[in-house]
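For reference, the structure is listed below as structure tokens.
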Amino acid sequence: MNIESRLAQIGSIEESKTGAVTFPIYHATAYRHPKLGQSTGFDYTRTKNPTRSVLESAIADLESGDAGFACSSGMAALQTIFALFSQGDHLIVSLDLYGGTYRLLEQIMSRFGITASYVDTNDLAAIEDAYGECTKGIFIETPTNPLMMVTDIEAVATWAKGKGILTIVDNTLLTPYFQRPIELGADIVTHSATKYLGGHNDVLAGLIITKGKELSEQMFFLHNSIGAVLGPQDSWLLMRGMKTLALRMERHEANATAIAKWLLTHPMVSDVYYPALETHPGHEIQSKQSSGNTGIFSFKMKEARMIEPILRHIRLIAFAESLGGVESLMTYPAVQTHADIPLDIRERVGVDDRLLRYSVGIEHVDDLIQDLSRAFDAAASELAGGE
Ligand SMILES: *Cc1c(COP(=O)(O)O)cnc(C)c1O
């Protein structure tokens, strides 16, 4: 069945008792045993919950994996994944990394003796250089946020298989609707489902998908033992959001492409970072491994002093963190999302004080361009008046 149909039908044929077309929310934390030595399959909700199970099967199917695990946030999913590793283990990690993942690795996992090297994961020579006998996994984001660097998943996964180490992909920005890393050789996929999968800026959730029986069993053990699981109410909300994923991603991509092209022609803008643009260095790989583009991109203004008035003058587009929801949000990575990443790493990847990140919503594209255009004009006249 096509992915659009599988998304729309999440949970709708699971409930045979009443025929309800959306799956009910099971708040029960405990489940009665029929008799000694028997179980309905559900004992205690941390281990397994009926509502969460429907979500977990759905995401495993959508990502072409063997098992899915729903966590209380994207960070909880990452913490659970990193618990696969032990003291002394080393990871190779994408350079332009989500700030929270960097913080988790550098300020928490490091205390447990797990180290990481940050490299441009599209440079196989750089990966080989970072590899050592303690390296146990490679963690990639593609495209990265905010600079939209694209990594060839298949090339990295093939290299990792040769070394016998795990390939882990954070697929938050593209979702399985546009990109399925397990089909390209990855072992583990993770999501901040708070973003596109939930899609409405109203649920915090994380997902893990594993390929292979042994890895799936290991992850089941960690998920249950650590206990950072998603509650039944949020599991339901997430499934509700996912039903419209296909429609939303199509509109996010169409809006983002039109706005990125408009920005390219604007005299106050110096650069636009969006893999859908043919001028983007990752365009070819992106087109090869994904069937579409994310709805978020970044751009640089010609001067840093333009940023403050622009953020003050946008109206329809909210000045807010996060991404992937139906509402348009704009943020200033150097100050907001990436403040925890040291200046030298930030500058090495290009997250400087002229960069804005825009998570394009599903509003009408004309209204969004008008909002930007008006904010740019207001900023320009303020700056001209002040001189
Ligand atoms: C938001 C985000 C996370 C963290 O997820 P939360 O749901 O906020 O905990 C991890 N990776 C990426 C790429 C993200 O955008």
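Order determines the names: the first chain of the structure tokens is A, the second B, and so forth; residues in each chain are numbered 1 upward, and ligands are numbered 1 upward as they are shown.
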Item to check | Within-9 Å residues of ligand 1, basis only C-alpha atoms and all ligand atoms, as a VMD selection string | outcome: chain A and resid 72 to 78 97 to 101 141 to 142 144 to 145 170 to 173 190 to 195 203 to 206 322 to 324
Next on the checklist: Which residues are near A:Leu215? Cut-off 10 Å, only C-alpha atoms, ignore same chain within fewer than 2 positions. Put them as number ranges by chain.
Outcome noted: A: 66-67, 84, 166, 187-188, 209-213, 217-221
Kindly save the residues from that selection, with all heavy atoms included, as a CSV table (one decimal), in the first residue's frame.
```
chain,number,residue,atom,x,y,z
A,66,ASP,N,12.2,-2.9,11.8
A,66,ASP,CA,11.6,-4.1,12.4
A,66,ASP,C,10.8,-3.8,13.7
A,66,ASP,O,9.9,-4.5,14.1
A,66,ASP,CB,12.6,-5.1,12.7
A,66,ASP,CG,13.1,-5.7,11.4
A,66,ASP,OD1,12.3,-6.0,10.5
A,66,ASP,OD2,14.4,-5.9,11.2
A,67,ALA,N,11.2,-2.7,14.4
A,67,ALA,CA,10.6,-2.3,15.6
A,67,ALA,C,10.6,-0.8,15.8
A,67,ALA,O,11.5,-0.1,15.4
A,67,ALA,CB,11.2,-3.0,16.8
A,84,LEU,N,23.1,2.4,24.2
A,84,LEU,CA,23.6,1.2,23.6
A,84,LEU,C,25.1,1.1,23.8
A,84,LEU,O,25.7,0.1,23.7
A,84,LEU,CB,23.4,1.3,22.1
A,84,LEU,CG,22.0,0.9,21.5
A,84,LEU,CD1,22.0,1.3,20.1
A,84,LEU,CD2,21.7,-0.6,21.7
A,166,LEU,N,27.6,0.8,14.0
A,166,LEU,CA,26.2,1.1,13.7
A,166,LEU,C,26.1,2.5,13.0
A,166,LEU,O,26.8,3.4,13.3
A,166,LEU,CB,25.4,1.2,15.0
A,166,LEU,CG,25.2,0.0,15.8
A,166,LEU,CD1,24.6,0.3,17.2
A,166,LEU,CD2,24.3,-1.0,15.0
A,187,ASP,N,21.0,1.4,10.5
A,187,ASP,CA,20.5,0.4,11.5
A,187,ASP,C,19.5,1.0,12.4
A,187,ASP,O,18.6,0.3,12.8
A,187,ASP,CB,21.7,0.0,12.3
A,187,ASP,CG,22.9,-0.6,11.5
A,187,ASP,OD1,22.7,-1.7,10.9
A,187,ASP,OD2,23.9,0.1,11.4
A,188,ILE,N,19.6,2.3,12.7
A,188,ILE,CA,18.7,2.9,13.6
A,188,ILE,C,18.3,4.3,13.0
A,188,ILE,O,19.1,5.0,12.5
A,188,ILE,CB,19.4,3.2,15.0
A,188,ILE,CG1,19.8,1.8,15.6
A,188,ILE,CG2,18.4,3.9,15.9
A,188,ILE,CD1,20.6,2.0,16.9
A,209,ILE,N,13.5,3.8,15.6
A,209,ILE,CA,13.2,2.6,14.7
A,209,ILE,C,14.4,1.8,14.5
A,209,ILE,O,15.5,2.4,14.2
A,209,ILE,CB,12.6,3.1,13.3
A,209,ILE,CG1,11.4,4.0,13.5
A,209,ILE,CG2,12.2,1.9,12.5
A,209,ILE,CD1,11.7,5.5,13.6
A,210,THR,N,14.3,0.5,14.7
A,210,THR,CA,15.5,-0.3,14.6
A,210,THR,C,15.3,-1.4,13.5
A,210,THR,O,14.2,-1.8,13.2
A,210,THR,CB,15.8,-1.1,15.9
A,210,THR,OG1,14.6,-1.7,16.3
A,210,THR,CG2,16.3,-0.2,17.0
A,211,LYS,N,16.4,-1.8,12.9
A,211,LYS,CA,16.4,-2.8,11.9
A,211,LYS,C,17.2,-4.0,12.5
A,211,LYS,O,18.3,-3.8,13.0
A,211,LYS,CB,17.1,-2.3,10.6
A,211,LYS,CG,17.2,-3.3,9.5
A,211,LYS,CD,15.8,-3.5,8.9
A,211,LYS,CE,15.8,-4.6,7.8
A,211,LYS,NZ,14.4,-5.0,7.5
A,212,GLY,N,16.7,-5.2,12.4
A,212,GLY,CA,17.3,-6.4,12.8
A,212,GLY,C,16.8,-6.8,14.2
A,212,GLY,O,16.5,-6.0,15.0
A,213,LYS,N,16.8,-8.2,14.4
A,213,LYS,CA,16.2,-8.8,15.6
A,213,LYS,C,17.0,-8.4,16.8
A,213,LYS,O,16.4,-8.0,17.8
A,213,LYS,CB,16.1,-10.3,15.4
A,213,LYS,CG,15.3,-11.0,16.4
A,213,LYS,CD,14.9,-12.4,16.0
A,213,LYS,CE,14.2,-13.2,17.0
A,213,LYS,NZ,15.1,-13.8,18.0
A,217,GLU,N,15.7,-6.1,20.0
A,217,GLU,CA,15.6,-6.7,21.3
A,217,GLU,C,16.4,-5.8,22.3
A,217,GLU,O,15.9,-5.6,23.4
A,217,GLU,CB,16.0,-8.1,21.4
A,217,GLU,CG,15.0,-9.1,20.8
A,217,GLU,CD,15.5,-10.5,20.6
A,217,GLU,OE1,16.6,-10.8,20.9
A,217,GLU,OE2,14.7,-11.3,20.0
A,218,GLN,N,17.6,-5.4,21.9
A,218,GLN,CA,18.4,-4.6,22.8
A,218,GLN,C,17.7,-3.3,23.1
A,218,GLN,O,17.7,-2.8,24.2
A,218,GLN,CB,19.7,-4.3,22.0
A,218,GLN,CG,20.9,-4.8,22.6
A,218,GLN,CD,22.1,-4.5,21.7
A,218,GLN,OE1,22.0,-4.6,20.5
A,218,GLN,NE2,23.2,-4.1,22.3
A,219,MET,N,17.1,-2.7,22.0
A,219,MET,CA,16.4,-1.4,22.2
A,219,MET,C,15.2,-1.5,23.1
A,219,MET,O,14.8,-0.7,23.9
A,219,MET,CB,16.0,-0.8,20.8
A,219,MET,CG,15.8,0.7,20.8
A,219,MET,SD,17.2,1.6,21.3
A,219,MET,CE,18.2,1.6,19.8
A,220,PHE,N,14.4,-2.6,22.9
A,220,PHE,CA,13.3,-2.9,23.7
A,220,PHE,C,13.7,-2.9,25.2
A,220,PHE,O,13.0,-2.3,26.1
A,220,PHE,CB,12.6,-4.3,23.3
A,220,PHE,CG,11.4,-4.6,24.2
A,220,PHE,CD1,10.2,-4.1,23.9
A,220,PHE,CD2,11.5,-5.4,25.3
A,220,PHE,CE1,9.1,-4.3,24.7
A,220,PHE,CE2,10.4,-5.7,26.1
A,220,PHE,CZ,9.2,-5.2,25.8
A,221,PHE,N,14.8,-3.6,25.5
A,221,PHE,CA,15.3,-3.7,26.9
A,221,PHE,C,15.7,-2.3,27.4
A,221,PHE,O,15.3,-1.9,28.5
A,221,PHE,CB,16.6,-4.6,26.9
A,221,PHE,CG,17.3,-4.6,28.2
A,221,PHE,CD1,16.9,-5.3,29.3
A,221,PHE,CD2,18.4,-3.8,28.3
A,221,PHE,CE1,17.5,-5.3,30.5
A,221,PHE,CE2,19.1,-3.7,29.6
A,221,PHE,CZ,18.6,-4.5,30.6
```
Item to check | DSSP-assigned alpha helix (DSSP H) among stretch 20-192 of chain A, expressed as number ranges by chain | outcome: A: 50-62, 74-82, 99-103, 124-130, 153-163, 175-178
Checklist entry - Can you tell me how far atom CA of A:Gly361 sits from atom CA of A:Arg348, in Å to one decimal? => result 29.4 Å
Item to check | Between atom CA of A:Thr29 and atom CA of A:Gly41 - distance in Å to one decimal | outcome: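 Going from atom CA of A:Gly41 over to atom CA of A:Thr29, I get 13.2 Å.
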Checklist outcome for this item: What separates atom CA of A:Asp271 and atom CA of A:His283 is a distance of 15.3 Å
